[in-house]
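For reference, the structure discussed in these notes is given below.
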Amino acid sequence: MAATKRGHAPPDGGWGWAVVFGAFISIGFSYAFPKSLTIYFKEIQEYFTVSYSEIAWLSSVMLASMYAGGPVSSILVNRYGSRPVVMVGGLMVSAGMVLASFGRTIMHLYLCVGVIGGLGLALNLQPALTIIGTYFQVKRPMANGIAMAGSPVILFTLAPLNQFLFDSFGWRGSFLILGGIVLNCCVAGALMRPVNNNTRPKPKTEPPERNGAAAEEAAAASDTGEQDESESQGCLHKFIDVSLFKHRGFLIYLIGNVVMFFGFFAPVVFMAAYAKHQGIDEYSAAFLLSIFALVDMFMRPATGFIGNSKWVRPRIQYFFSFAVSFNGVCHLLCPLLPGYVGLVVYAVIFGLAFGMVCALLFEVLMDLVGAKRFSSAVGLVTIIECGPVLLGPPLSGALVDIFGEYKYMYYACGVFMLVPGIFFFIMHYFNYKKLDEEKRQNVPVDMRTCEEAVQLKMSQDSNTAHDTDG
């Protein structure tokens with residue numbers, strides 16, 4: 001059964017915190033693993049004699065495979081639940097890294113690390129995101145913020161560990177060891193026990209911070225009912241809710257994110273290489289990733305706490321818009337900060353901005369579409385976003401190849417982040433305004449419905465009393 005098809009209120013605690021810990025590990029490896037492998041890029045580039053853009057394809061293929069596998073992961077989660085899907089994903093990533101340690105060509109690494117490993121990460125990411133929504137509602141932004149903090153924590157650990165492994169065992173031996181480390185995802189999956197529905201009844205009214213998601217879910221259910229007149233469409237809706245493409249908030253989120261992801265990952269992918277390009281030693285360059293991850297680590301749960309506050313939660317989309325814009329400004333300023341000290345300052349500011357976006361990235365999607373449709377929404381979003389995720393770092397690497405400098409890459413990434421940030425601000429202003437209008441229009445309808453129900457009940461009681469007298 002789909003985890004999202006619940007008939008009871010989420011427990012907002014209890015075993016849910018163990019699930020958050022499992023999601024912390026699962027999400028952490030999903031996002032941190034492709035970034036941590038950038039430590040090996042310069043050496044792999046020299047070993048296979050490939051260009052900057054060619055080596056950038058390695059992390060791009062892995063991330064794109066992770067995103068492209070989203071719909072498949074959604075279908076598996078809806079059919080089997082999160083626990084077995086995450087455990088299988090951990091085995092796939094492990095197998096990909098072990099096979100990559102025997103690679104003889106860069107194409108071999110694309111296949112093993114990129115495709116097999118990336119699909120395994122897809123089976124880790126989406127189930128972990130979905131199951132949090134089944135355990136939490138009131139505390140959901142906080143739970144998401146804590147779970148999303150897994151990425152910087154694991155990146156903070158893996159960045160220096162990878163440098164140590166490389167110095168001790170080379171990149172082949174390191175990949176073999178990483179294949180064993182990533183099996184921790186199987187342990188994380190074992191914690192993701194399906195929610196116990198024998199809890200308190202689901203409240204009749206949704207909390208106000210849902211921003212119209214409940215009403216739009218009801219409208220979507222009506223749309224789905226009309227579309228299910230066709231048997232083939234009914235089969236499709238059983239797995240993926242394509243009616244989301246009629247959802248106003250979902251379309252705003254999707255359009256902005258497609259542009260944003262062209263510049264989202266490249267600055268992290270090239271951070272260590274940029275430092276080495278400026279003559280900074282390898283350990284200091286790797287330490288930049290640790291600084292970035294350390295700041296990111298604390299920023300994600302802090303963002304979750306802020307997003308859960310009564311002042312921010314009702315208009316959390318504005319908070320996300322600010323976070324995206326902040327990232328864009330950060331990248332535009334990066335080339336203006338000279339030397340290693342400048343890179344440290346950039347790593348700190350970037351960690352703040354990146355942590356805010358990552359903590360809110362899926363929370364704002366659930367806020368828009370509701371928990372029931374979240375699994376399908378994530379699947380549709382990730383398959384569409386795999387294009388910019390795949391092309392972003394190689395295009396950025398091509399800019400480095402063409403100009404021989406990194407500053408143009410950072411300028412481009414800044415623009416790709418700042419433009420959707422402004423777009424989100426504008427579109428969500430109109431979306432909130434529209435939702436408020438729809439809410440005001442629905443109040444009289446709800447009152448009439450209640451009055452009709454009361455009159456019907458009184459009529460039934462009157463008929464019953466009449467029949468009894470007779």
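Lettering and numbering for the structure tokens are positional, with chains as A, B, ... in the shown order, residues counted from 1 in each chain, and ligands counted from 1 in the shown order.
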Next on the checklist: Which residues are close to segment 164-166 of chain A, i.e. within 10 Å by only C-alpha atoms, leaving aside same-chain residues fewer than 3 positions away? Reply as a PyMOL selection string.
Outcome noted: chain A and resi 39-40+43+158-161+169-175+177-178+283
Next on the checklist: Which residues are near Cys185 of chain A? Cut-off 10 Å, only C-alpha atoms, ignore same chain within fewer than 6 positions. Put them as a ChimeraX atom specification.
Outcome noted: /A:22-30,86-91,93-94,121,124
Next on the checklist: Quick one: residues within 9 Å of Ile44 of chain A, only C-alpha atoms, excluding same-chain residues fewer than 4 positions away - as JSON, numbers by chain?
Outcome noted: {"A": [40, 48, 49, 50, 55, 106, 171]}
I need the chosen residues saved as a PDB file, in the first residue's frame, with C-alpha atoms.
ATOM      1  CA  TYR A  40      39.381  12.021  -6.848  1.00  0.00           C
ATOM      2  CA  PHE A  48      42.527   8.697 -18.096  1.00  0.00           C
ATOM      3  CA  THR A  49      43.811  11.910 -19.759  1.00  0.00           C
ATOM      4  CA  VAL A  50      40.391  13.569 -20.058  1.00  0.00           C
ATOM      5  CA  ILE A  55      35.482  14.339 -15.725  1.00  0.00           C
ATOM      6  CA  ILE A 106      36.233   6.622 -18.161  1.00  0.00           C
ATOM      7  CA  TRP A 171      41.506   5.779  -6.182  1.00  0.00           C
TER       8      TRP A 171
END
Item to check | Residue nearest Ser65 of chain A among A:Gly404, A:Gly189, A:Tyr253, A:Cys386 (counting only C-alpha atoms) | outcome: A:Cys386
Checklist entry - Hey, can you check how far atom CA of Ile255 of chain A sits from atom CA of Ile422 of chain A? => result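 The value is 12.4 Å.
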Next on the checklist: For a test of reading the model, state the distance in Å between atom CA of Leu58 of chain A and atom CA of Gln278 of chain A, rounded to one decimal.
Outcome noted: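 The value is 22.9 Å.
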Checklist entry - How would you write, as an MDAnalysis selection string, the set of residues in segment 223-388 of chain A that DSSP gives as alpha helix (DSSP H)? => result chainID A and resid 223:227 231:239 248:260 266:269 271:277 282:307 316:333 339:360 363:369 374:388
Item to check | Residues within 9 Å of Trp57 of chain A, only C-alpha atoms, excluding chain neighbours under 6 positions, as a count of residues only | outcome: 6
